[in-house]
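Engineer: If you scroll down you'll find the structure; I have some questions about it.
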Amino acid sequence: RKEVEQDPGPFNVPEGATVAFNCTYSNSASQSFFWYRQDCRKEPKLLMSVYSSGNEDGRFTAQLNRASQYISLLIRDSKLSDSATYLCVVTPGGFQKLVFGTGTRLLVSP
Amino acid sequence: EAGVAQSPRYKIIEKRQSVAFWCNPISGHATLYWYQQILGQGPKLLIQFQNNGVVDDSQLPKDRFSAERLKGVDSTLKIQPAKLEDSAVYLCASSSPGRSYGYTFGSGTRLTVV
């Protein structure tokens, strides 16, 4: 079983739509959780951290459910510029290394 | 603040040849990582350095891959001999100790083995 599992997509949505991505992780000792964004042929960049209390950054909302070992990302009012691959990332307990999911590809169309 | 520098940006080699990649992390970042990203997959950690010591190399194919970080600054990753399945983007990242959220990735080196 992979440490971090995501639906690879692609998710095709029209501009203005709301879209949600989910991810599950297998290591219950995981300590930190993130969503990264990766544009085509570019390096991954941190989108936001994920907390149990949930956090929001503009149109983006992330949520962590430790009991279910489940992480989500909600994007409201999708823009063309949101088209990218969204990587779910966890850190194993006590280590700084990042463990990435395969990523979910999002395509926003006019 | 200057970012993580990597070179070369692209490399095409034949199988069984050797290749080396170079990384210069952000000044002051003690922790340096090499990740391998195969097309369609997320990045996978190959090796993690803390200053010039290895913290984690459990997923480094040591029969063909080697890495060093001299003087705790620059790092090189070498593949010898290369296989077709080594075709990937090799990403270098650095962070301050204890800060998983303080990662910065370089632009990567895209390796094609033919």
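Residue names in the structure tokens use chain letters A, B, ... in the order shown, residue numbers from 1 in each chain, and ligand numbers from 1 in the order shown.
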May I ask you to extract the residues of chain B within 10 Å of chain A, using only C-alpha atoms, and to give them as a PDB file with N, CA and C atoms, in the first residue's frame?

Structural biologist:
```pdb
ATOM      1  N   THR B  31      19.850  21.506   5.837  1.00  0.00           N
ATOM      2  CA  THR B  31      19.309  20.244   5.350  1.00  0.00           C
ATOM      3  C   THR B  31      19.118  20.297   3.838  1.00  0.00           C
ATOM      4  N   LEU B  32      19.601  19.272   3.160  1.00  0.00           N
ATOM      5  CA  LEU B  32      19.517  19.199   1.697  1.00  0.00           C
ATOM      6  C   LEU B  32      18.966  17.840   1.305  1.00  0.00           C
ATOM      7  N   TYR B  33      18.105  17.851   0.300  1.00  0.00           N
ATOM      8  CA  TYR B  33      17.431  16.627  -0.140  1.00  0.00           C
ATOM      9  C   TYR B  33      17.579  16.475  -1.647  1.00  0.00           C
ATOM     10  N   TYR B  35      15.412  14.453  -4.569  1.00  0.00           N
ATOM     11  CA  TYR B  35      14.206  13.701  -4.887  1.00  0.00           C
ATOM     12  C   TYR B  35      14.256  13.287  -6.353  1.00  0.00           C
ATOM     13  N   GLN B  37      11.648  12.361  -9.462  1.00  0.00           N
ATOM     14  CA  GLN B  37      10.255  12.392  -9.888  1.00  0.00           C
ATOM     15  C   GLN B  37      10.130  11.781 -11.273  1.00  0.00           C
ATOM     16  N   ILE B  38       9.559  10.603 -11.317  1.00  0.00           N
ATOM     17  CA  ILE B  38       9.287   9.923 -12.580  1.00  0.00           C
ATOM     18  C   ILE B  38       7.963  10.456 -13.127  1.00  0.00           C
ATOM     19  N   LEU B  39       7.859  10.553 -14.429  1.00  0.00           N
ATOM     20  CA  LEU B  39       6.680  11.113 -15.079  1.00  0.00           C
ATOM     21  C   LEU B  39       5.410  10.448 -14.571  1.00  0.00           C
ATOM     22  N   GLY B  40       4.452  11.289 -14.129  1.00  0.00           N
ATOM     23  CA  GLY B  40       3.174  10.765 -13.655  1.00  0.00           C
ATOM     24  C   GLY B  40       3.167  10.367 -12.197  1.00  0.00           C
ATOM     25  N   GLN B  41       4.286  10.561 -11.518  1.00  0.00           N
ATOM     26  CA  GLN B  41       4.373  10.211 -10.100  1.00  0.00           C
ATOM     27  C   GLN B  41       4.778  11.424  -9.277  1.00  0.00           C
ATOM     28  N   GLY B  42       4.595  11.301  -7.962  1.00  0.00           N
ATOM     29  CA  GLY B  42       5.077  12.352  -7.079  1.00  0.00           C
ATOM     30  C   GLY B  42       6.565  12.162  -6.815  1.00  0.00           C
ATOM     31  N   PRO B  43       7.222  13.209  -6.352  1.00  0.00           N
ATOM     32  CA  PRO B  43       8.648  13.082  -6.025  1.00  0.00           C
ATOM     33  C   PRO B  43       8.887  12.037  -4.941  1.00  0.00           C
ATOM     34  N   LYS B  44      10.013  11.327  -5.060  1.00  0.00           N
ATOM     35  CA  LYS B  44      10.399  10.318  -4.080  1.00  0.00           C
ATOM     36  C   LYS B  44      11.774  10.671  -3.536  1.00  0.00           C
ATOM     37  N   LEU B  45      11.904  10.684  -2.206  1.00  0.00           N
ATOM     38  CA  LEU B  45      13.187  11.034  -1.599  1.00  0.00           C
ATOM     39  C   LEU B  45      14.239   9.982  -1.904  1.00  0.00           C
ATOM     40  N   ILE B  47      17.810  10.844  -0.989  1.00  0.00           N
ATOM     41  CA  ILE B  47      18.783  11.022   0.082  1.00  0.00           C
ATOM     42  C   ILE B  47      18.572  12.356   0.764  1.00  0.00           C
ATOM     43  N   GLN B  48      18.810  12.373   2.085  1.00  0.00           N
ATOM     44  CA  GLN B  48      18.706  13.583   2.884  1.00  0.00           C
ATOM     45  C   GLN B  48      20.019  13.793   3.633  1.00  0.00           C
ATOM     46  N   VAL B  55      21.365  11.615   6.564  1.00  0.00           N
ATOM     47  CA  VAL B  55      20.317  11.307   7.531  1.00  0.00           C
ATOM     48  C   VAL B  55      19.475  10.130   7.066  1.00  0.00           C
ATOM     49  N   ASP B  56      19.180  10.095   5.781  1.00  0.00           N
ATOM     50  CA  ASP B  56      18.303   9.048   5.238  1.00  0.00           C
ATOM     51  C   ASP B  56      18.698   8.794   3.795  1.00  0.00           C
ATOM     52  N   VAL B  89      12.952  13.495 -13.470  1.00  0.00           N
ATOM     53  CA  VAL B  89      13.440  14.798 -13.045  1.00  0.00           C
ATOM     54  C   VAL B  89      14.049  14.624 -11.659  1.00  0.00           C
ATOM     55  N   TYR B  90      15.242  15.139 -11.486  1.00  0.00           N
ATOM     56  CA  TYR B  90      15.933  15.050 -10.197  1.00  0.00           C
ATOM     57  C   TYR B  90      15.863  16.430  -9.552  1.00  0.00           C
ATOM     58  N   LEU B  91      15.153  16.471  -8.431  1.00  0.00           N
ATOM     59  CA  LEU B  91      14.886  17.721  -7.732  1.00  0.00           C
ATOM     60  C   LEU B  91      15.740  17.806  -6.476  1.00  0.00           C
ATOM     61  N   CYS B  92      16.371  18.935  -6.306  1.00  0.00           N
ATOM     62  CA  CYS B  92      17.104  19.217  -5.080  1.00  0.00           C
ATOM     63  C   CYS B  92      16.265  20.199  -4.260  1.00  0.00           C
ATOM     64  N   ALA B  93      16.259  20.019  -2.963  1.00  0.00           N
ATOM     65  CA  ALA B  93      15.536  20.934  -2.079  1.00  0.00           C
ATOM     66  C   ALA B  93      16.380  21.186  -0.840  1.00  0.00           C
ATOM     67  N   SER B  95      16.129  23.025   3.336  1.00  0.00           N
ATOM     68  CA  SER B  95      15.268  23.571   4.384  1.00  0.00           C
ATOM     69  C   SER B  95      16.105  23.870   5.608  1.00  0.00           C
ATOM     70  N   SER B  96      15.534  24.702   6.473  1.00  0.00           N
ATOM     71  CA  SER B  96      16.151  24.923   7.770  1.00  0.00           C
ATOM     72  C   SER B  96      15.812  23.735   8.653  1.00  0.00           C
ATOM     73  N   PRO B  97      16.665  23.381   9.581  1.00  0.00           N
ATOM     74  CA  PRO B  97      16.398  22.213  10.433  1.00  0.00           C
ATOM     75  C   PRO B  97      15.079  22.341  11.168  1.00  0.00           C
ATOM     76  N   GLY B  98      14.330  21.256  11.170  1.00  0.00           N
ATOM     77  CA  GLY B  98      13.087  21.216  11.928  1.00  0.00           C
ATOM     78  C   GLY B  98      11.933  21.912  11.270  1.00  0.00           C
ATOM     79  N   ARG B  99      12.108  22.353  10.051  1.00  0.00           N
ATOM     80  CA  ARG B  99      11.030  23.105   9.397  1.00  0.00           C
ATOM     81  C   ARG B  99      10.602  22.405   8.110  1.00  0.00           C
ATOM     82  N   SER B 100       9.685  21.488   8.222  1.00  0.00           N
ATOM     83  CA  SER B 100       9.196  20.802   7.027  1.00  0.00           C
ATOM     84  C   SER B 100       8.509  21.762   6.087  1.00  0.00           C
ATOM     85  N   TYR B 101       7.931  22.819   6.650  1.00  0.00           N
ATOM     86  CA  TYR B 101       7.197  23.723   5.784  1.00  0.00           C
ATOM     87  C   TYR B 101       8.104  24.754   5.161  1.00  0.00           C
ATOM     88  N   GLY B 102       9.386  24.699   5.499  1.00  0.00           N
ATOM     89  CA  GLY B 102      10.318  25.691   4.953  1.00  0.00           C
ATOM     90  C   GLY B 102      11.087  25.188   3.758  1.00  0.00           C
ATOM     91  N   TYR B 103      10.566  24.150   3.092  1.00  0.00           N
ATOM     92  CA  TYR B 103      11.226  23.596   1.921  1.00  0.00           C
ATOM     93  C   TYR B 103      11.260  24.588   0.765  1.00  0.00           C
ATOM     94  N   THR B 104      12.375  24.576   0.037  1.00  0.00           N
ATOM     95  CA  THR B 104      12.455  25.249  -1.253  1.00  0.00           C
ATOM     96  C   THR B 104      13.057  24.259  -2.238  1.00  0.00           C
ATOM     97  N   PHE B 105      12.376  24.070  -3.357  1.00  0.00           N
ATOM     98  CA  PHE B 105      12.864  23.168  -4.397  1.00  0.00           C
ATOM     99  C   PHE B 105      13.599  23.959  -5.473  1.00  0.00           C
ATOM    100  N   GLY B 106      14.604  23.326  -6.049  1.00  0.00           N
ATOM    101  CA  GLY B 106      15.218  23.862  -7.249  1.00  0.00           C
ATOM    102  C   GLY B 106      14.370  23.509  -8.467  1.00  0.00           C
ATOM    103  N   SER B 107      14.785  24.017  -9.622  1.00  0.00           N
ATOM    104  CA  SER B 107      14.015  23.786 -10.850  1.00  0.00           C
ATOM    105  C   SER B 107      14.159  22.366 -11.394  1.00  0.00           C
ATOM    106  N   GLY B 108      15.143  21.641 -10.893  1.00  0.00           N
ATOM    107  CA  GLY B 108      15.297  20.244 -11.287  1.00  0.00           C
ATOM    108  C   GLY B 108      16.197  20.046 -12.496  1.00  0.00           C
ATOM    109  N   ARG B 110      16.247  17.481 -15.721  1.00  0.00           N
ATOM    110  CA  ARG B 110      15.461  16.464 -16.451  1.00  0.00           C
ATOM    111  C   ARG B 110      16.428  15.536 -17.156  1.00  0.00           C
TER     112      ARG B 110
END
```

Engineer: As a ChimeraX atom specification, please: every residue in chain B that DSSP puts in helix (DSSP H, G or I).

Structural biologist: /B:70-72,84-86,100-102

Engineer: Keeping all heavy atoms, export the residues of the selection given above as a PDB file, in the first residue's frame.

Structural biologist:
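For reference, again-v5.pdb as written:
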```pdb
ATOM      1  N   LEU B  70      29.919  18.005   0.159  1.00  0.00           N
ATOM      2  CA  LEU B  70      31.188  18.426   0.715  1.00  0.00           C
ATOM      3  C   LEU B  70      31.025  19.749   1.451  1.00  0.00           C
ATOM      4  O   LEU B  70      30.345  20.662   0.967  1.00  0.00           O
ATOM      5  CB  LEU B  70      32.227  18.560  -0.398  1.00  0.00           C
ATOM      6  CG  LEU B  70      32.530  17.262  -1.167  1.00  0.00           C
ATOM      7  CD1 LEU B  70      33.485  17.532  -2.303  1.00  0.00           C
ATOM      8  CD2 LEU B  70      33.075  16.203  -0.221  1.00  0.00           C
ATOM      9  N   LYS B  71      31.631  19.845   2.612  1.00  0.00           N
ATOM     10  CA  LYS B  71      31.642  21.076   3.408  1.00  0.00           C
ATOM     11  C   LYS B  71      30.237  21.529   3.797  1.00  0.00           C
ATOM     12  O   LYS B  71      30.028  22.702   4.135  1.00  0.00           O
ATOM     13  CB  LYS B  71      32.376  22.197   2.686  1.00  0.00           C
ATOM     14  CG  LYS B  71      33.833  21.854   2.366  1.00  0.00           C
ATOM     15  CD  LYS B  71      34.535  22.991   1.659  1.00  0.00           C
ATOM     16  CE  LYS B  71      35.968  22.611   1.331  1.00  0.00           C
ATOM     17  NZ  LYS B  71      36.674  23.682   0.598  1.00  0.00           N
ATOM     18  N   GLY B  72      29.266  20.653   3.679  1.00  0.00           N
ATOM     19  CA  GLY B  72      27.922  20.975   4.125  1.00  0.00           C
ATOM     20  C   GLY B  72      27.208  22.026   3.303  1.00  0.00           C
ATOM     21  O   GLY B  72      26.246  22.634   3.785  1.00  0.00           O
ATOM     22  N   LEU B  84      17.570   2.775 -18.279  1.00  0.00           N
ATOM     23  CA  LEU B  84      16.448   3.464 -18.904  1.00  0.00           C
ATOM     24  C   LEU B  84      15.461   3.979 -17.859  1.00  0.00           C
ATOM     25  O   LEU B  84      14.923   5.086 -17.998  1.00  0.00           O
ATOM     26  CB  LEU B  84      15.725   2.537 -19.887  1.00  0.00           C
ATOM     27  CG  LEU B  84      16.519   2.060 -21.095  1.00  0.00           C
ATOM     28  CD1 LEU B  84      15.683   1.080 -21.920  1.00  0.00           C
ATOM     29  CD2 LEU B  84      16.976   3.219 -21.963  1.00  0.00           C
ATOM     30  N   GLU B  85      15.248   3.173 -16.787  1.00  0.00           N
ATOM     31  CA  GLU B  85      14.270   3.560 -15.771  1.00  0.00           C
ATOM     32  C   GLU B  85      14.721   4.722 -14.885  1.00  0.00           C
ATOM     33  O   GLU B  85      13.954   5.188 -14.036  1.00  0.00           O
ATOM     34  CB  GLU B  85      13.903   2.361 -14.881  1.00  0.00           C
ATOM     35  CG  GLU B  85      15.074   1.732 -14.158  1.00  0.00           C
ATOM     36  CD  GLU B  85      15.584   0.491 -14.855  1.00  0.00           C
ATOM     37  OE1 GLU B  85      15.574   0.449 -16.111  1.00  0.00           O
ATOM     38  OE2 GLU B  85      15.990  -0.445 -14.142  1.00  0.00           O
ATOM     39  N   ASP B  86      15.953   5.187 -15.084  1.00  0.00           N
ATOM     40  CA  ASP B  86      16.428   6.363 -14.341  1.00  0.00           C
ATOM     41  C   ASP B  86      15.950   7.662 -14.980  1.00  0.00           C
ATOM     42  O   ASP B  86      16.178   8.748 -14.419  1.00  0.00           O
ATOM     43  CB  ASP B  86      17.964   6.369 -14.268  1.00  0.00           C
ATOM     44  CG  ASP B  86      18.518   5.156 -13.535  1.00  0.00           C
ATOM     45  OD1 ASP B  86      17.817   4.629 -12.646  1.00  0.00           O
ATOM     46  OD2 ASP B  86      19.652   4.740 -13.861  1.00  0.00           O
ATOM     47  N   SER B 100       9.685  21.488   8.222  1.00  0.00           N
ATOM     48  CA  SER B 100       9.196  20.802   7.027  1.00  0.00           C
ATOM     49  C   SER B 100       8.509  21.762   6.087  1.00  0.00           C
ATOM     50  O   SER B 100       8.489  21.562   4.892  1.00  0.00           O
ATOM     51  CB  SER B 100       8.205  19.708   7.430  1.00  0.00           C
ATOM     52  OG  SER B 100       8.826  18.737   8.233  1.00  0.00           O
ATOM     53  N   TYR B 101       7.931  22.819   6.650  1.00  0.00           N
ATOM     54  CA  TYR B 101       7.197  23.723   5.784  1.00  0.00           C
ATOM     55  C   TYR B 101       8.104  24.754   5.161  1.00  0.00           C
ATOM     56  O   TYR B 101       7.659  25.582   4.406  1.00  0.00           O
ATOM     57  CB  TYR B 101       6.086  24.410   6.582  1.00  0.00           C
ATOM     58  CG  TYR B 101       6.564  25.076   7.853  1.00  0.00           C
ATOM     59  CD1 TYR B 101       6.987  26.395   7.835  1.00  0.00           C
ATOM     60  CD2 TYR B 101       6.608  24.384   9.043  1.00  0.00           C
ATOM     61  CE1 TYR B 101       7.441  26.996   8.990  1.00  0.00           C
ATOM     62  CE2 TYR B 101       7.057  24.986  10.201  1.00  0.00           C
ATOM     63  CZ  TYR B 101       7.468  26.287  10.169  1.00  0.00           C
ATOM     64  OH  TYR B 101       7.913  26.886  11.311  1.00  0.00           O
ATOM     65  N   GLY B 102       9.386  24.699   5.499  1.00  0.00           N
ATOM     66  CA  GLY B 102      10.318  25.691   4.953  1.00  0.00           C
ATOM     67  C   GLY B 102      11.087  25.188   3.758  1.00  0.00           C
ATOM     68  O   GLY B 102      12.125  25.718   3.432  1.00  0.00           O
TER      69      GLY B 102
END
```

Engineer: Check the DSSP output for the backbone and give back, as a ChimeraX atom specification, the residues of segment 15-109 of chain B in strand (DSSP E or B).

Structural biologist: /B:19-24,31-37,44-50,53-56,65-68,75-79,88-95,104-105,109

Engineer: Go through A:Val13, A:Leu106, A:Cys40, A:Leu74 and flag the residue nearest Glu56 of chain A, using only C-alpha atoms for the distances.

Structural biologist: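 Smallest separation from Glu56 of chain A among the options: A:Leu74.
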
Engineer: If we count only C-alpha atoms and set the cut-off at 8 Å, which residues sit around segment 7-17 of chain B, ignoring sequence neighbours fewer than 6 positions away in its own chain? Please answer as an MDAnalysis selection string.

Structural biologist: chainID B and resid 23 80:84 107:114

Engineer: Create the file for the chosen residues now, containing all heavy atoms and written as a JSON list (two decimals), in the first residue's frame.

Structural biologist:
```
[["chain", "number", "residue", "atom", "x", "y", "z"],
["B", 23, "CYS", "N", 23.88, 20.68, -7.09],
["B", 23, "CYS", "CA", 22.89, 21.49, -6.38],
["B", 23, "CYS", "C", 23.58, 22.43, -5.40],
["B", 23, "CYS", "O", 24.48, 22.02, -4.66],
["B", 23, "CYS", "CB", 21.92, 20.59, -5.62],
["B", 23, "CYS", "SG", 20.78, 21.47, -4.52],
["B", 80, "GLN", "N", 25.80, 5.89, -12.02],
["B", 80, "GLN", "CA", 26.78, 5.15, -12.82],
["B", 80, "GLN", "C", 26.64, 3.65, -12.58],
["B", 80, "GLN", "O", 26.85, 3.21, -11.43],
["B", 80, "GLN", "CB", 28.19, 5.60, -12.46],
["B", 80, "GLN", "CG", 29.29, 4.92, -13.26],
["B", 80, "GLN", "CD", 30.67, 5.43, -12.89],
["B", 80, "GLN", "OE1", 30.87, 6.04, -11.84],
["B", 80, "GLN", "NE2", 31.65, 5.18, -13.73],
["B", 81, "PRO", "N", 26.26, 2.86, -13.55],
["B", 81, "PRO", "CA", 25.81, 3.23, -14.89],
["B", 81, "PRO", "C", 24.32, 3.51, -14.92],
["B", 81, "PRO", "O", 23.56, 2.95, -14.12],
["B", 81, "PRO", "CB", 26.13, 1.96, -15.69],
["B", 81, "PRO", "CG", 25.89, 0.86, -14.70],
["B", 81, "PRO", "CD", 26.31, 1.40, -13.36],
["B", 82, "ALA", "N", 23.90, 4.36, -15.82],
["B", 82, "ALA", "CA", 22.49, 4.71, -15.91],
["B", 82, "ALA", "C", 21.68, 3.62, -16.60],
["B", 82, "ALA", "O", 22.19, 2.92, -17.49],
["B", 82, "ALA", "CB", 22.33, 6.03, -16.67],
["B", 83, "LYS", "N", 20.42, 3.49, -16.17],
["B", 83, "LYS", "CA", 19.47, 2.58, -16.80],
["B", 83, "LYS", "C", 18.32, 3.40, -17.39],
["B", 83, "LYS", "O", 18.09, 4.54, -16.98],
["B", 83, "LYS", "CB", 18.92, 1.59, -15.78],
["B", 83, "LYS", "CG", 19.94, 0.60, -15.25],
["B", 83, "LYS", "CD", 19.27, -0.41, -14.35],
["B", 83, "LYS", "CE", 20.25, -1.48, -13.89],
["B", 83, "LYS", "NZ", 19.60, -2.51, -13.02],
["B", 84, "LEU", "N", 17.57, 2.77, -18.28],
["B", 84, "LEU", "CA", 16.45, 3.46, -18.90],
["B", 84, "LEU", "C", 15.46, 3.98, -17.86],
["B", 84, "LEU", "O", 14.92, 5.09, -18.00],
["B", 84, "LEU", "CB", 15.73, 2.54, -19.89],
["B", 84, "LEU", "CG", 16.52, 2.06, -21.09],
["B", 84, "LEU", "CD1", 15.68, 1.08, -21.92],
["B", 84, "LEU", "CD2", 16.98, 3.22, -21.96],
["B", 107, "SER", "N", 14.79, 24.02, -9.62],
["B", 107, "SER", "CA", 14.02, 23.79, -10.85],
["B", 107, "SER", "C", 14.16, 22.37, -11.39],
["B", 107, "SER", "O", 13.40, 21.96, -12.26],
["B", 107, "SER", "CB", 14.46, 24.77, -11.93],
["B", 107, "SER", "OG", 14.25, 26.09, -11.49],
["B", 108, "GLY", "N", 15.14, 21.64, -10.89],
["B", 108, "GLY", "CA", 15.30, 20.24, -11.29],
["B", 108, "GLY", "C", 16.20, 20.05, -12.50],
["B", 108, "GLY", "O", 16.44, 20.97, -13.28],
["B", 109, "THR", "N", 16.67, 18.82, -12.62],
["B", 109, "THR", "CA", 17.41, 18.38, -13.81],
["B", 109, "THR", "C", 16.60, 17.27, -14.46],
["B", 109, "THR", "O", 16.28, 16.27, -13.81],
["B", 109, "THR", "CB", 18.81, 17.85, -13.46],
["B", 109, "THR", "OG1", 19.59, 18.90, -12.91],
["B", 109, "THR", "CG2", 19.49, 17.28, -14.69],
["B", 110, "ARG", "N", 16.25, 17.48, -15.72],
["B", 110, "ARG", "CA", 15.46, 16.46, -16.45],
["B", 110, "ARG", "C", 16.43, 15.54, -17.16],
["B", 110, "ARG", "O", 17.14, 15.95, -18.08],
["B", 110, "ARG", "CB", 14.52, 17.13, -17.45],
["B", 110, "ARG", "CG", 13.58, 16.15, -18.17],
["B", 110, "ARG", "CD", 12.59, 16.92, -19.03],
["B", 110, "ARG", "NE", 11.75, 17.77, -18.21],
["B", 110, "ARG", "CZ", 10.63, 17.41, -17.61],
["B", 110, "ARG", "NH1", 10.18, 16.17, -17.78],
["B", 110, "ARG", "NH2", 9.93, 18.27, -16.90],
["B", 111, "LEU", "N", 16.47, 14.28, -16.72],
["B", 111, "LEU", "CA", 17.37, 13.28, -17.31],
["B", 111, "LEU", "C", 16.60, 12.34, -18.22],
["B", 111, "LEU", "O", 15.56, 11.79, -17.82],
["B", 111, "LEU", "CB", 18.05, 12.46, -16.20],
["B", 111, "LEU", "CG", 18.89, 11.27, -16.69],
["B", 111, "LEU", "CD1", 20.13, 11.77, -17.45],
["B", 111, "LEU", "CD2", 19.30, 10.37, -15.52],
["B", 112, "THR", "N", 17.11, 12.18, -19.42],
["B", 112, "THR", "CA", 16.56, 11.19, -20.35],
["B", 112, "THR", "C", 17.66, 10.19, -20.65],
["B", 112, "THR", "O", 18.74, 10.57, -21.11],
["B", 112, "THR", "CB", 16.07, 11.84, -21.65],
["B", 112, "THR", "OG1", 15.08, 12.82, -21.33],
["B", 112, "THR", "CG2", 15.47, 10.80, -22.58],
["B", 113, "VAL", "N", 17.39, 8.92, -20.41],
["B", 113, "VAL", "CA", 18.33, 7.85, -20.71],
["B", 113, "VAL", "C", 17.79, 7.08, -21.93],
["B", 113, "VAL", "O", 16.66, 6.61, -21.91],
["B", 113, "VAL", "CB", 18.51, 6.89, -19.52],
["B", 113, "VAL", "CG1", 19.54, 5.82, -19.85],
["B", 113, "VAL", "CG2", 18.92, 7.66, -18.28],
["B", 114, "VAL", "N", 18.61, 7.02, -22.97],
["B", 114, "VAL", "CA", 18.14, 6.38, -24.22],
["B", 114, "VAL", "C", 18.96, 5.12, -24.53],
["B", 114, "VAL", "O", 20.03, 4.91, -23.95],
["B", 114, "VAL", "CB", 18.22, 7.37, -25.41],
["B", 114, "VAL", "CG1", 17.30, 8.55, -25.16],
["B", 114, "VAL", "CG2", 19.66, 7.83, -25.63]]
```

Engineer: Which polymer residues have any atom within 7 Å of an atom of Leu46 of chain B, counting only C-alpha atoms, with same-chain residues fewer than 4 positions away left out, as a compact mmCIF listing (two decimals) with all heavy atoms, in the first residue's frame?

Structural biologist:
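Listed below is the output, part.txt:
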```txt
# COMPACT_ATOMS: atom_id res chain seq x y z
N TRP B 34 17.66 15.23 -2.09
CA TRP B 34 17.53 14.89 -3.50
C TRP B 34 16.28 14.02 -3.66
O TRP B 34 16.13 13.01 -2.98
CB TRP B 34 18.74 14.11 -4.01
CG TRP B 34 19.96 14.94 -4.25
CD1 TRP B 34 21.05 15.08 -3.45
CD2 TRP B 34 20.23 15.74 -5.41
NE1 TRP B 34 21.98 15.91 -4.03
CE2 TRP B 34 21.51 16.34 -5.24
CE3 TRP B 34 19.52 16.02 -6.59
CZ2 TRP B 34 22.08 17.18 -6.19
CZ3 TRP B 34 20.10 16.85 -7.53
CH2 TRP B 34 21.36 17.42 -7.33
N TYR B 35 15.41 14.45 -4.57
CA TYR B 35 14.21 13.70 -4.89
C TYR B 35 14.26 13.29 -6.35
O TYR B 35 14.79 14.01 -7.20
CB TYR B 35 12.95 14.56 -4.68
CG TYR B 35 12.53 14.75 -3.24
CD1 TYR B 35 13.14 15.72 -2.44
CD2 TYR B 35 11.53 13.97 -2.67
CE1 TYR B 35 12.76 15.89 -1.12
CE2 TYR B 35 11.13 14.14 -1.36
CZ TYR B 35 11.76 15.10 -0.59
OH TYR B 35 11.37 15.28 0.73
N GLN B 36 13.65 12.14 -6.63
CA GLN B 36 13.48 11.68 -8.01
C GLN B 36 12.00 11.71 -8.36
O GLN B 36 11.17 11.19 -7.59
CB GLN B 36 13.99 10.24 -8.14
CG GLN B 36 13.83 9.64 -9.54
CD GLN B 36 14.03 8.12 -9.53
OE1 GLN B 36 13.36 7.39 -8.81
NE2 GLN B 36 14.99 7.65 -10.33
N ASP B 57 19.13 7.58 3.51
CA ASP B 57 19.39 7.18 2.11
C ASP B 57 18.77 5.83 1.85
O ASP B 57 19.25 5.06 1.01
CB ASP B 57 20.89 7.18 1.81
CG ASP B 57 21.67 6.17 2.63
OD1 ASP B 57 21.05 5.51 3.50
OD2 ASP B 57 22.89 6.03 2.42
N GLN B 59 16.15 4.91 0.31
CA GLN B 59 15.59 4.66 -1.01
C GLN B 59 16.57 4.98 -2.13
O GLN B 59 16.17 5.04 -3.29
CB GLN B 59 14.28 5.45 -1.18
CG GLN B 59 13.20 5.02 -0.19
CD GLN B 59 11.84 5.59 -0.54
OE1 GLN B 59 11.08 5.01 -1.30
NE2 GLN B 59 11.54 6.76 0.00
N LEU B 60 17.81 5.14 -1.80
CA LEU B 60 18.84 5.40 -2.82
C LEU B 60 19.36 4.06 -3.35
O LEU B 60 19.85 3.23 -2.57
CB LEU B 60 19.99 6.20 -2.21
CG LEU B 60 21.08 6.67 -3.17
CD1 LEU B 60 20.56 7.82 -4.03
CD2 LEU B 60 22.33 7.08 -2.40
```

Engineer: Would you list the contacts of Glu68 of chain B as a ChimeraX atom specification, taking every protein, DNA or RNA residue within 8 Å and counting only C-alpha atoms, but skipping same-chain residues closer than 5 positions in sequence?

Structural biologist: /B:52,75-77

Engineer: Hey, what's within 9 Å of Cys23 of chain A if we count only C-alpha atoms and toss same-chain stuff fewer than 3 positions away? As an NGL selection string, please?

Structural biologist: :A and (4-7 or 69-73 or 88 or 101)

Engineer: Mind pulling up the distance from atom CA of Thr18 of chain A to atom CA of Phe60 of chain A?

Structural biologist: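 Atom CA of Phe60 of chain A sits 10.0 Å away from atom CA of Thr18 of chain A.
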